[in-house]
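> Input file: entry.txt. Contents: compact mmCIF, C-alpha atoms.
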```txt
# COMPACT_ATOMS: atom_id res chain seq x y z
CA TYR A 25 82.67 -147.65 -38.97
CA ALA A 26 81.13 -147.30 -35.53
CA ILE A 27 82.69 -143.85 -35.31
CA VAL A 28 81.24 -142.95 -38.71
CA ALA A 29 77.79 -144.08 -37.57
CA GLU A 30 78.08 -142.00 -34.42
CA TYR A 31 79.11 -138.93 -36.38
CA GLY A 32 76.27 -139.52 -38.83
CA SER A 33 73.73 -139.64 -36.01
CA ARG A 34 75.05 -136.42 -34.53
CA LEU A 35 75.02 -134.65 -37.87
CA TYR A 36 71.48 -135.87 -38.62
CA LYS A 37 70.27 -134.28 -35.40
CA TYR A 38 71.98 -131.03 -36.36
CA GLN A 39 70.35 -131.00 -39.78
CA ALA A 40 66.90 -131.53 -38.22
CA ARG A 41 67.17 -128.14 -36.55
CA LEU A 42 66.60 -125.99 -39.61
CA ARG A 43 66.03 -122.65 -37.88
CA MET A 44 69.04 -121.60 -35.85
CA PRO A 45 70.74 -118.39 -34.80
CA LYS A 46 73.74 -117.39 -36.90
CA GLU A 47 76.19 -118.49 -34.19
CA GLN A 48 74.73 -122.01 -34.16
CA LEU A 49 74.85 -122.21 -37.95
CA GLU A 50 78.54 -121.33 -37.87
CA LEU A 51 79.07 -124.01 -35.24
CA LEU A 52 77.26 -126.54 -37.43
CA LYS A 53 79.42 -125.60 -40.40
CA LYS A 54 82.58 -126.05 -38.35
CA GLU A 55 81.38 -129.37 -36.95
CA SER A 56 80.52 -130.63 -40.44
CA GLN A 57 84.04 -129.78 -41.63
CA ASN A 58 85.52 -131.63 -38.66
CA LEU A 59 83.38 -134.66 -39.45
CA GLU A 60 84.55 -134.69 -43.06
CA ASN A 61 88.19 -134.44 -41.96
CA ASN A 62 87.73 -137.27 -39.47
CA PHE A 63 86.06 -139.43 -42.10
CA ARG A 64 88.95 -138.87 -44.56
CA GLN A 65 91.36 -139.96 -41.83
CA ILE A 66 89.29 -143.11 -41.26
CA LEU A 67 89.37 -143.94 -44.97
CA PHE A 68 93.13 -143.40 -45.02
CA LEU A 69 93.59 -145.76 -42.06
CA ILE A 70 91.42 -148.41 -43.75
CA GLU A 71 93.61 -148.17 -46.86
CA GLN A 72 96.76 -148.52 -44.76
CA ILE A 73 95.33 -151.58 -43.00
CA ASP A 74 94.61 -153.22 -46.36
CA VAL A 75 98.16 -152.50 -47.52
CA LEU A 76 99.62 -154.04 -44.35
CA LYS A 77 97.39 -157.11 -44.70
CA ALA A 78 98.56 -157.63 -48.27
CA LEU A 79 102.19 -157.23 -47.21
CA LEU A 80 101.77 -159.79 -44.43
CA ARG A 81 100.15 -162.26 -46.83
CA ASP A 82 103.05 -161.89 -49.25
CA MET A 83 105.55 -162.41 -46.43
CA LYS A 84 103.69 -165.52 -45.23
CA ASP A 85 103.55 -166.98 -48.75
CA GLY A 86 107.26 -166.36 -49.17
CA MET A 87 108.02 -168.11 -45.90
CA ASP A 88 105.83 -171.11 -46.81
CA ASN A 89 107.44 -171.46 -50.23
CA ASN A 90 110.93 -171.26 -48.75
CA HIS A 91 110.06 -173.89 -46.14
CA ASN A 92 108.61 -176.29 -48.75
CA TRP A 93 111.74 -175.97 -50.87
CA ASN A 94 113.99 -176.78 -47.94
CA THR A 95 111.98 -179.87 -46.93
CA HIS A 96 112.32 -181.34 -50.41
CA GLY A 97 115.92 -180.33 -50.89
CA ASP A 98 118.94 -180.52 -48.68
CA PRO A 99 118.09 -180.91 -44.98
CA VAL A 100 118.40 -177.69 -43.00
CA GLU A 101 118.42 -177.32 -39.24
CA ASP A 102 115.30 -175.59 -37.82
CA LEU A 103 117.40 -172.96 -36.07
CA ASP A 104 119.30 -172.07 -39.21
CA HIS A 105 116.04 -171.96 -41.15
CA THR A 106 114.54 -169.52 -38.62
CA GLU A 107 117.61 -167.30 -38.78
CA VAL A 108 117.41 -167.22 -42.58
CA LEU A 109 113.74 -166.27 -42.45
CA ASP A 110 114.44 -163.54 -39.90
CA GLU A 111 117.14 -162.14 -42.15
CA GLU A 112 114.85 -162.27 -45.19
CA VAL A 113 112.05 -160.50 -43.32
CA SER A 114 114.49 -157.85 -42.08
CA ASN A 115 115.79 -157.27 -45.60
CA LEU A 116 112.24 -157.04 -46.93
CA VAL A 117 111.23 -154.49 -44.30
CA ASN A 118 114.34 -152.39 -44.97
CA TYR A 119 113.66 -152.53 -48.71
CA VAL A 120 110.05 -151.40 -48.28
CA LEU A 121 111.08 -148.57 -45.95
CA LYS A 122 113.75 -147.45 -48.41
CA LYS A 123 111.22 -147.39 -51.25
CA LEU A 124 108.77 -145.42 -49.14
CA ARG A 125 111.33 -142.83 -48.08
CA GLU A 126 113.24 -142.25 -51.27
CA ASP A 127 112.29 -139.50 -53.70
CA GLN A 128 112.69 -140.50 -57.32
CA VAL A 129 112.75 -136.91 -58.56
CA GLU A 130 115.38 -135.57 -56.12
CA MET A 131 114.35 -131.95 -56.71
CA ALA A 132 112.65 -129.57 -54.31
CA ASP A 133 108.89 -129.34 -54.79
CA TYR A 134 107.69 -125.75 -54.42
CA ALA A 135 104.08 -126.84 -54.94
CA LEU A 136 104.12 -128.94 -51.75
CA LYS A 137 101.24 -128.11 -49.42
CA SER A 138 103.17 -128.84 -46.23
CA ALA A 139 105.80 -126.31 -47.36
CA GLY A 140 103.19 -123.58 -47.75
CA ALA A 141 101.80 -124.02 -51.27
CA SER A 142 98.05 -123.84 -51.85
CA ILE A 143 95.31 -124.02 -54.48
CA ILE A 144 93.56 -120.80 -55.53
CA GLU A 145 89.99 -122.02 -55.92
CA ALA A 146 88.89 -119.01 -57.98
CA GLY A 147 91.28 -120.16 -60.73
CA THR A 148 90.47 -123.87 -60.45
CA SER A 149 87.87 -126.05 -62.20
CA GLU A 150 84.91 -127.49 -60.33
CA SER A 151 85.41 -130.92 -58.82
CA TYR A 152 83.62 -133.95 -60.24
CA LYS A 153 80.41 -134.66 -58.35
CA ASN A 154 79.95 -138.33 -57.60
CA ASN A 155 76.98 -139.51 -55.51
CA LYS A 156 78.81 -142.78 -54.85
CA ALA A 157 81.35 -140.76 -52.86
CA LYS A 158 78.68 -139.61 -50.40
CA LEU A 159 77.46 -141.31 -47.23
CA TYR A 160 73.77 -141.32 -46.37
CA TRP A 161 71.95 -141.44 -43.06
CA HIS A 162 68.18 -142.00 -43.11
CA GLY A 163 68.14 -141.03 -46.76
CA ILE A 164 70.02 -137.76 -46.21
CA GLY A 165 73.49 -137.31 -47.67
CA PHE A 166 75.71 -135.95 -44.92
CA LEU A 167 79.35 -136.74 -45.67
CA ASN A 168 81.02 -136.14 -49.00
CA HIS A 169 84.51 -137.66 -49.09
CA GLU A 170 85.47 -136.50 -52.58
CA MET A 171 89.07 -135.36 -52.61
CA PRO A 172 89.67 -131.58 -52.73
CA PRO A 173 91.96 -130.00 -55.36
CA ASP A 174 94.84 -129.49 -52.91
CA ILE A 175 95.24 -133.27 -52.70
CA ILE A 176 97.51 -132.88 -55.77
CA LEU A 177 99.97 -130.92 -53.61
CA GLN A 178 100.49 -133.78 -51.15
CA PRO A 179 102.98 -136.67 -51.39
CA ASP A 180 100.71 -139.60 -50.43
CA VAL A 181 99.70 -141.33 -53.67
CA TYR A 182 97.52 -144.43 -53.67
CA PRO A 183 94.43 -145.55 -55.65
CA GLY A 184 91.49 -143.20 -55.27
CA LYS A 185 93.35 -140.39 -53.54
CA CYS A 186 93.19 -137.93 -56.41
CA TRP A 187 91.41 -134.76 -57.47
CA ALA A 188 88.80 -135.45 -60.16
CA PHE A 189 87.18 -132.87 -62.43
CA PRO A 190 84.42 -133.43 -65.02
CA GLY A 191 85.31 -134.40 -68.57
CA SER A 192 88.79 -134.31 -70.07
CA GLN A 193 89.58 -130.58 -69.78
CA GLY A 194 90.27 -128.65 -66.61
CA HIS A 195 92.68 -126.29 -64.91
CA THR A 196 94.03 -125.31 -61.53
CA LEU A 197 95.92 -122.31 -60.19
CA ILE A 198 98.68 -123.05 -57.68
CA LYS A 199 100.26 -120.55 -55.31
CA LEU A 200 103.78 -121.82 -54.67
CA ALA A 201 105.47 -121.98 -51.29
CA THR A 202 107.84 -119.20 -52.36
CA LYS A 203 108.82 -117.24 -55.46
CA ILE A 204 111.00 -119.21 -57.84
CA ILE A 205 112.27 -119.23 -61.39
CA PRO A 206 110.52 -122.43 -62.57
CA THR A 207 112.62 -124.93 -64.50
CA ALA A 208 110.59 -128.19 -64.52
CA VAL A 209 107.34 -129.83 -63.45
CA THR A 210 106.49 -133.37 -62.40
CA MET A 211 103.21 -135.22 -62.85
CA GLU A 212 102.40 -138.46 -61.04
CA HIS A 213 99.65 -141.05 -61.49
CA ILE A 214 99.10 -144.61 -60.28
CA SER A 215 100.04 -147.58 -62.47
CA GLU A 216 97.55 -149.91 -64.13
CA LYS A 217 98.80 -152.75 -61.90
CA VAL A 218 97.37 -151.13 -58.75
CA SER A 219 94.33 -149.50 -60.33
CA PRO A 220 91.06 -151.10 -59.07
CA SER A 221 89.59 -150.79 -62.58
CA GLY A 222 92.66 -152.33 -64.23
CA ASN A 223 93.27 -149.25 -66.37
CA ILE A 224 94.22 -145.58 -65.99
CA SER A 225 92.06 -144.03 -68.69
CA SER A 226 91.30 -141.13 -66.34
CA ALA A 227 94.98 -140.10 -66.27
CA PRO A 228 95.83 -136.70 -67.80
CA LYS A 229 97.34 -136.80 -71.28
CA GLU A 230 98.03 -133.41 -72.89
CA PHE A 231 98.67 -130.47 -70.57
CA SER A 232 100.34 -127.06 -70.50
CA VAL A 233 101.90 -124.94 -67.78
CA TYR A 234 101.84 -121.15 -67.38
CA GLY A 235 103.52 -118.83 -64.91
CA ILE A 236 101.43 -115.97 -63.50
CA THR A 237 102.91 -112.58 -62.68
CA LYS A 238 101.82 -109.93 -60.16
CA LYS A 239 100.67 -112.07 -57.26
CA CYS A 240 98.69 -114.57 -59.35
CA GLU A 241 96.56 -111.93 -61.08
CA GLY A 242 98.82 -110.72 -63.85
CA GLU A 243 99.98 -111.88 -67.26
CA GLU A 244 100.14 -115.58 -68.11
CA ILE A 245 103.61 -116.66 -69.31
CA PHE A 246 103.71 -119.84 -71.39
CA LEU A 247 106.22 -122.32 -69.94
CA GLY A 248 105.56 -125.46 -71.98
CA GLN A 249 103.16 -128.07 -73.29
CA PHE A 250 103.64 -131.78 -72.57
CA ILE A 251 102.15 -135.28 -72.75
CA TYR A 252 101.94 -137.62 -69.78
CA ASN A 253 102.71 -141.12 -71.14
CA LYS A 254 100.46 -143.69 -69.44
CA THR A 255 102.81 -146.52 -70.49
CA GLY A 256 105.83 -144.82 -68.95
CA THR A 257 106.86 -144.56 -65.32
CA THR A 258 104.27 -143.35 -62.84
CA VAL A 259 106.38 -140.29 -61.98
CA GLN A 260 107.32 -138.21 -65.03
CA THR A 261 109.35 -134.98 -64.97
CA PHE A 262 109.26 -132.42 -67.80
CA GLU A 263 111.85 -129.70 -68.39
CA LEU A 264 110.13 -126.41 -69.20
CA GLN A 265 110.35 -125.42 -72.86
CA HIS A 266 110.44 -121.67 -72.28
CA ALA A 267 112.75 -120.11 -69.73
CA VAL A 268 111.77 -117.07 -67.66
CA SER A 269 114.00 -114.55 -65.96
CA GLU A 270 111.63 -113.27 -63.28
CA TYR A 271 110.60 -114.93 -60.05
CA LEU A 272 107.04 -116.25 -60.05
CA LEU A 273 104.73 -117.09 -57.17
CA CYS A 274 101.91 -118.78 -59.09
CA VAL A 275 101.67 -121.49 -61.74
CA LYS A 276 98.63 -122.50 -63.78
CA LEU A 277 98.12 -126.07 -64.97
CA ASN A 278 95.83 -126.59 -67.97
CA ILE A 279 94.79 -130.14 -68.90
CA PHE A 280 93.48 -130.59 -72.44
CA SER A 281 92.75 -134.32 -72.60
CA ASN A 282 92.89 -137.64 -70.77
CA TRP A 283 93.49 -141.23 -71.88
CA GLY A 284 89.88 -142.02 -72.76
CA HIS A 285 87.71 -141.79 -69.66
CA PRO A 286 84.37 -140.28 -70.73
CA LYS A 287 83.24 -138.84 -67.39
CA TYR A 288 86.21 -137.39 -65.52
CA THR A 289 89.96 -136.86 -65.29
CA CYS A 290 91.91 -137.74 -62.15
CA LEU A 291 95.03 -135.87 -61.06
CA TYR A 292 97.10 -137.47 -58.30
CA ARG A 293 100.09 -135.20 -57.81
CA PHE A 294 101.68 -132.22 -59.52
CA ARG A 295 105.05 -130.72 -58.55
CA VAL A 296 106.86 -127.56 -59.55
CA HIS A 297 110.65 -127.29 -59.47
CA GLY A 298 112.93 -124.32 -59.88
CA THR A 299 115.42 -121.90 -58.40
CA PRO A 300 114.38 -119.86 -55.36
CA GLY A 301 115.46 -116.30 -54.73
CA LYS A 302 118.76 -115.63 -52.99
CA HIS A 303 116.94 -114.35 -49.93
CA ILE A 304 115.40 -117.78 -49.28
```
What is this file in structure tokens?

Amino acid sequence: YAIVAEYGSRLYKYQARLRMPKEQLELLKKESQNLENNFRQILFLIEQIDVLKALLRDMKDGMDNNHNWNTHGDPVEDLDHTEVLDEEVSNLVNYVLKKLREDQVEMADYALKSAGASIIEAGTSESYKNNKAKLYWHGIGFLNHEMPPDIILQPDVYPGKCWAFPGSQGHTLIKLATKIIPTAVTMEHISEKVSPSGNISSAPKEFSVYGITKKCEGEEIFLGQFIYNKTGTTVQTFELQHAVSEYLLCVKLNIFSNWGHPKYTCLYRFRVHGTPGKHI
């Protein structure tokens, strides 16, 4: 938070200088982008700290409960008790790491940003504007930490880290990492158990997928229409209903409805699976 305050002070001074040469304006724009990126990283670290604190509390409670049971049951030597706890903690850590590393879908994601996929903003809905997602300094809003659309192409999924668009209908155009013959898509949302509001009414419901020919500017090819079930698993994969024979570089996602939220729809992650060309 001290870092955020420092950045806010610096940015406030920049904004006070309204008349600047073009070179200085470009520098200000670049600095503002760097500040936003740094602030997103700070928010991510805060979230990770909270997760670690919760995990440590659970581990401590488990240790206390195990110790109380032993003191009222059969006597156990302190050394043996410590070894048991060490083994339990080790097993817990290994289990958590396994859950974090495993991929439930087990199919390549060609809409993964780190692999080269990207969002084409010209074919994507406007993001939801939320003043609560903006920081203010001396009454001037200077940092907007709303998530950009390409957040749906990244694997980190936790509450709040989603792309939101106004209302229940929206769309996005995705340029894949490479040309593929698409065969399936996967949509992911958080569960109600971890949602701060206790519900996931902002989750997408009905949606359709199209393939785009000719470098994302050609004909739209219907691939399928589906429903994301909010009572199902958080990660849901859908086999495409219409097969295509040509390799496609772009996919369009149309969302027609959500599960009841009146203001916005939140999309956490969207994946595209398929068969790449032989030259890949």
> Near segment 216-232 of chain A, within 7 Å and counting only C-alpha atoms, which residues show up once chain neighbours fewer than 3 positions away are dropped, as JSON, numbers by chain?
{"A": [183, 213, 248, 249, 250, 251, 252, 253, 277, 278, 279, 280, 281, 282, 283, 284, 285, 288, 289, 290, 291]}
> Quick one: residues within 6 Å of (100.8, -120.3, -63.5) (file frame), counting all atoms listed in the file, please, as a VMD selection string.
chain A and resid 234 to 236 274 to 276
> Assuming 3 Å of padding per side, give the centre and edge lengths of the axis-aligned box around every listed atom of segment 199-203 of chain A, in Å to one decimal and as AutoDock Vina command-line options.

```
--center_x 104.5 --center_y -119.6 --center_z -53.4 --size_x 14.6 --size_y 10.7 --size_z 10.2
```
> Could you give me, as a list in words, the residues that sit within 8 Å of (95.7, -132.5, -53.1) in the file's coordinates, counting only C-alpha atoms?
Lys137, Met171, Pro172, Pro173, Asp174, Ile175, Ile176, Leu177, Gln178, Cys186, Trp187, Tyr292 and Arg293 of chain A
> Check the smallest atom-to-atom distance from each of A:Val129, A:Ala146, A:Ile205, A:Ala139 to Val259 of chain A using only C-alpha atoms, then report the winner.
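That would be A:Val129, the residue with the smallest distance to Val259 of chain A.
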> Could you state the separation of atom CA of Lys53 of chain A and atom CA of Lys153 of chain A in Å, given to one decimal place?
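Interatomic distance, atom CA of Lys53 of chain A to atom CA of Lys153 of chain A: 20.1 Å.
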> Please report the interatomic distance between atom CA of Ala141 of chain A and atom CA of Arg295 of chain A in Å with one decimal.
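Computed distance, atom CA of Ala141 of chain A to atom CA of Arg295 of chain A, equals 10.4 Å.
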> From the set A:Ala188, A:Ile214, A:Leu79, A:Ile66, which residue has the shortest atom-to-atom contact distance to Lys287 of chain A, counting all atoms listed in the file?
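Smallest separation from Lys287 of chain A among the options: A:Ala188.
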> Could you jot down the atom CA of His195 of chain A to atom CA of Lys239 of chain A separation for me, Å, one decimal place?
18.0 Å
> Tell me which protein, DNA and RNA residues are within 12 Å of Met131 of chain A, counting all atoms listed in the file, leaving out same-chain ones fewer than 3 positions away, and put them as a list in words.
Glu126, Asp127, Gln128, Tyr134, Ala135, Leu136, Pro206, Thr207, Ala208, Val209, Thr210, Thr261, Arg295, Val296, His297, Gly298 and Thr299 of chain A
> Using all atoms listed in the file, which residue out of A:Glu130, A:Ala29, A:Gly140, A:Glu170 lies closest to Phe189 of chain A?
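Ranking A:Glu130, A:Ala29, A:Gly140, A:Glu170 by distance to Phe189 of chain A, first place goes to A:Glu170.
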> For Glu212 of chain A, which of A:Thr237, A:Ser56, A:Gln260, A:Ser149 is the closest residue, counting all atoms listed in the file?
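Between A:Thr237, A:Ser56, A:Gln260, A:Ser149, the residue approaching Glu212 of chain A most closely is A:Gln260.
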> Rebuild segment 241-252 of chain A so that it carries all heavy atoms, then output the result as a tab-separated table (two decimals), keeping the file's coordinate frame.

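Final file, part-v1.tsv:
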```tsv
chain	number	residue	atom	x	y	z
A	241	GLU	N	97.64	-112.61	-60.38
A	241	GLU	CA	96.56	-111.93	-61.08
A	241	GLU	C	97.03	-111.23	-62.35
A	241	GLU	O	96.27	-110.51	-62.99
A	241	GLU	CB	95.89	-110.90	-60.15
A	241	GLU	CG	95.26	-111.53	-58.91
A	241	GLU	CD	94.67	-110.49	-57.98
A	241	GLU	OE1	94.91	-109.28	-58.24
A	241	GLU	OE2	93.98	-110.86	-57.02
A	242	GLY	N	98.27	-111.43	-62.71
A	242	GLY	CA	98.82	-110.72	-63.85
A	242	GLY	C	98.85	-111.53	-65.13
A	242	GLY	O	98.01	-112.41	-65.36
A	243	GLU	N	99.84	-111.25	-65.94
A	243	GLU	CA	99.98	-111.88	-67.26
A	243	GLU	C	100.33	-113.36	-67.12
A	243	GLU	O	101.05	-113.78	-66.21
A	243	GLU	CB	101.09	-111.16	-68.03
A	243	GLU	CG	101.42	-111.77	-69.38
A	243	GLU	CD	102.65	-111.14	-70.01
A	243	GLU	OE1	103.24	-110.24	-69.37
A	243	GLU	OE2	103.03	-111.57	-71.11
A	244	GLU	N	99.80	-114.17	-68.06
A	244	GLU	CA	100.14	-115.58	-68.11
A	244	GLU	C	101.34	-115.78	-69.04
A	244	GLU	O	101.32	-115.35	-70.20
A	244	GLU	CB	98.96	-116.41	-68.62
A	244	GLU	CG	97.79	-116.43	-67.66
A	244	GLU	CD	96.70	-117.40	-68.11
A	244	GLU	OE1	96.90	-118.05	-69.16
A	244	GLU	OE2	95.67	-117.52	-67.42
A	245	ILE	N	102.39	-116.42	-68.54
A	245	ILE	CA	103.61	-116.66	-69.31
A	245	ILE	C	103.68	-118.14	-69.66
A	245	ILE	O	103.73	-119.00	-68.77
A	245	ILE	CB	104.86	-116.25	-68.51
A	245	ILE	CG1	104.76	-114.77	-68.09
A	245	ILE	CG2	106.11	-116.48	-69.33
A	245	ILE	CD1	105.90	-114.34	-67.18
A	246	PHE	N	103.67	-118.45	-70.95
A	246	PHE	CA	103.71	-119.84	-71.39
A	246	PHE	C	105.06	-120.47	-71.04
A	246	PHE	O	106.12	-119.95	-71.37
A	246	PHE	CB	103.49	-119.92	-72.90
A	246	PHE	CG	103.55	-121.31	-73.45
A	246	PHE	CD1	102.54	-122.23	-73.19
A	246	PHE	CD2	104.62	-121.71	-74.23
A	246	PHE	CE1	102.60	-123.52	-73.71
A	246	PHE	CE2	104.69	-123.00	-74.75
A	246	PHE	CZ	103.66	-123.90	-74.48
A	247	LEU	N	105.00	-121.62	-70.36
A	247	LEU	CA	106.22	-122.32	-69.94
A	247	LEU	C	106.44	-123.62	-70.70
A	247	LEU	O	107.58	-124.09	-70.80
A	247	LEU	CB	106.18	-122.59	-68.43
A	247	LEU	CG	106.04	-121.37	-67.52
A	247	LEU	CD1	105.96	-121.80	-66.06
A	247	LEU	CD2	107.20	-120.40	-67.74
A	248	GLY	N	105.37	-124.23	-71.22
A	248	GLY	CA	105.56	-125.46	-71.98
A	248	GLY	C	104.28	-126.27	-72.09
A	248	GLY	O	103.33	-126.08	-71.33
A	249	GLN	N	104.27	-127.15	-73.08
A	249	GLN	CA	103.16	-128.07	-73.29
A	249	GLN	C	103.71	-129.48	-73.40
A	249	GLN	O	104.71	-129.71	-74.10
A	249	GLN	CB	102.36	-127.71	-74.54
A	249	GLN	CG	101.12	-128.57	-74.75
A	249	GLN	CD	100.17	-127.99	-75.78
A	249	GLN	OE1	100.14	-126.78	-75.99
A	249	GLN	NE2	99.41	-128.85	-76.43
A	250	PHE	N	103.05	-130.45	-72.72
A	250	PHE	CA	103.64	-131.78	-72.57
A	250	PHE	C	102.57	-132.87	-72.70
A	250	PHE	O	101.37	-132.58	-72.72
A	250	PHE	CB	104.34	-131.90	-71.22
A	250	PHE	CG	105.20	-130.72	-70.87
A	250	PHE	CD1	104.72	-129.69	-70.06
A	250	PHE	CD2	106.49	-130.62	-71.36
A	250	PHE	CE1	105.51	-128.61	-69.74
A	250	PHE	CE2	107.30	-129.53	-71.05
A	250	PHE	CZ	106.80	-128.53	-70.24
A	251	ILE	N	103.03	-134.11	-72.74
A	251	ILE	CA	102.15	-135.28	-72.75
A	251	ILE	C	102.60	-136.25	-71.67
A	251	ILE	O	103.77	-136.66	-71.64
A	251	ILE	CB	102.17	-135.98	-74.13
A	251	ILE	CG1	101.58	-135.08	-75.20
A	251	ILE	CG2	101.38	-137.30	-74.05
A	251	ILE	CD1	101.59	-135.71	-76.59
A	252	TYR	N	101.67	-136.59	-70.79
A	252	TYR	CA	101.94	-137.62	-69.78
A	252	TYR	C	101.71	-138.98	-70.44
A	252	TYR	O	100.61	-139.27	-70.93
A	252	TYR	CB	101.03	-137.46	-68.57
A	252	TYR	CG	101.26	-138.50	-67.50
A	252	TYR	CD1	102.23	-138.32	-66.52
A	252	TYR	CD2	100.51	-139.68	-67.47
A	252	TYR	CE1	102.46	-139.29	-65.55
A	252	TYR	CE2	100.72	-140.64	-66.50
A	252	TYR	CZ	101.69	-140.44	-65.54
A	252	TYR	OH	101.93	-141.40	-64.57
```
